[in-house]
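Let me begin by presenting the structure, written as C-alpha cells, before commenting on it.
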Amino acid sequence: TLQDPLFVSGNLTIGGALLAAANQNITVGGNWTNNTGSGAFTSGGTAQTTTFTGAASVTSNGAAFQSFVVASTATVTPADPLTINGSFTIQNGGSYVVNSQPLTFASASTATITDSRTTIASLGAVTVSGTNKTMGSNLIMASLTDTGSLSTGGYNLTIPGALSAGGGALRFPGGGGRPPGGAPPSPAPPGRRAVPLEPPPPTPPAKSTARAVTS
C-alpha cells in the first residue's frame, strides 16, 4: 500500500502481491506487467493517476486503471485489453499503439478522453460501459460500442467501423461538432465518417400571431 506517490524509472512488475495505490499517483518510465490478476492492482480512489513517460508495454491482466496518461515522451503499447475507470490523456508528442487491443471506459467516474497530438490517430476498438464520459478533443475510434454514457463535448468523433449504441446514451452537444472557440471542423478523411450523435431537437413551430376578428 502506497503512502506517497511512486516513481519508477524502469519497469514495474506485479507478481504474487497486491499493489494498492491508495489514491497515490504512479509514474512509470518502462513496462507495466501485472502477472498476478485483476485484483492485483487497485487505485484506491478517483483522484489516482498512472502516467507513462517512456517506451512501455502495458500488461494489465484485467486490473483497471483509474486515470491513465501517455506523456509527451512516451510510447505506450497495450499487451492485453485495457480498462480505464477515469480519464485517458495522450499528450502532444506521445504515442499510443493500439496493437489490436480493445480499450474500455468503465465505472461512473466523471472523466475525459483526450488526444492532444497534433495529428490524432485511432484509439482502436472502444467500449464505453461507464457513465459520465466526455471527449476532451477530436477523436478517432476504429469502432464504438456504447452501453454507458458518452458526450462528444462539441468535438468531432470519427468512426470508420461499427457503431453500436444499444442501451447507451450518446450525446452530441453543439450540433455541428465545432470545438469550443475553434475553427469549423474539417471533413472526415476518405473512407471515414464523422458521426453526429444526438442532434439537437427540432425547433418548435412559431406561434401564430393572427387573431379572430368579430363584428
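Chain labels run A, B, ... following the order of the C-alpha cells; each chain numbers its residues from 1, and ligands are numbered from 1 in the order shown.
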So that each row is one residue of stretch 59-79 of chain A with an atom at most 7 Å from stretch 26-39 of chain A, can you give its shortest atom pair and the distance in Å to one decimal, using only C-alpha atoms, rows by chain and rising number, as a Markdown table?
```
| residue | atom | partner | partner_atom | distance |
| --- | --- | --- | --- | --- |
| A:Thr59 | CA | A:Thr33 | CA | 4.8 |
| A:Ser60 | CA | A:Asn34 | CA | 5.4 |
| A:Asn61 | CA | A:Gly37 | CA | 5.3 |
| A:Gly62 | CA | A:Ser38 | CA | 4.4 |
| A:Ala63 | CA | A:Ser38 | CA | 4.0 |
```
Would you list the contacts of A:Gly148 as a ChimeraX atom specification, taking every protein, DNA or RNA residue within 12 Å and counting only C-alpha atoms, but skipping same-chain residues closer than 4 positions in sequence? /A:104-109,126-134,144,164-171
Computed interatomic separation between atom CA of A:Gln48 and atom CA of A:Met141 (Å): 25.4 Å
Quick one: residues within 8 Å of A:Leu19, only C-alpha atoms, excluding same-chain residues fewer than 6 positions away - as an MDAnalysis selection string? chainID A and resid 1:2 40:42
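Counting only C-alpha atoms, A:Thr75 has the following residues at most 10 Å away, ignoring those fewer than 2 positions along the same chain: Gly30, Phe52, Thr53, Gly54, Ala55, Ala56, Ser57, Val70, Ala71, Ser72, Thr73, Thr77, Ile90, Gly93, Gly94, Ser95, Tyr96 and Val97 of chain A.
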Counting only C-alpha atoms, figure out which residue out of A:Met135, A:Leu6, A:Val76, A:Ala22 gets nearest to A:Ala111. A:Met135
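A straight line drawn from atom CA of A:Leu139 to atom CA of A:Thr51 is 20.3 Å long.
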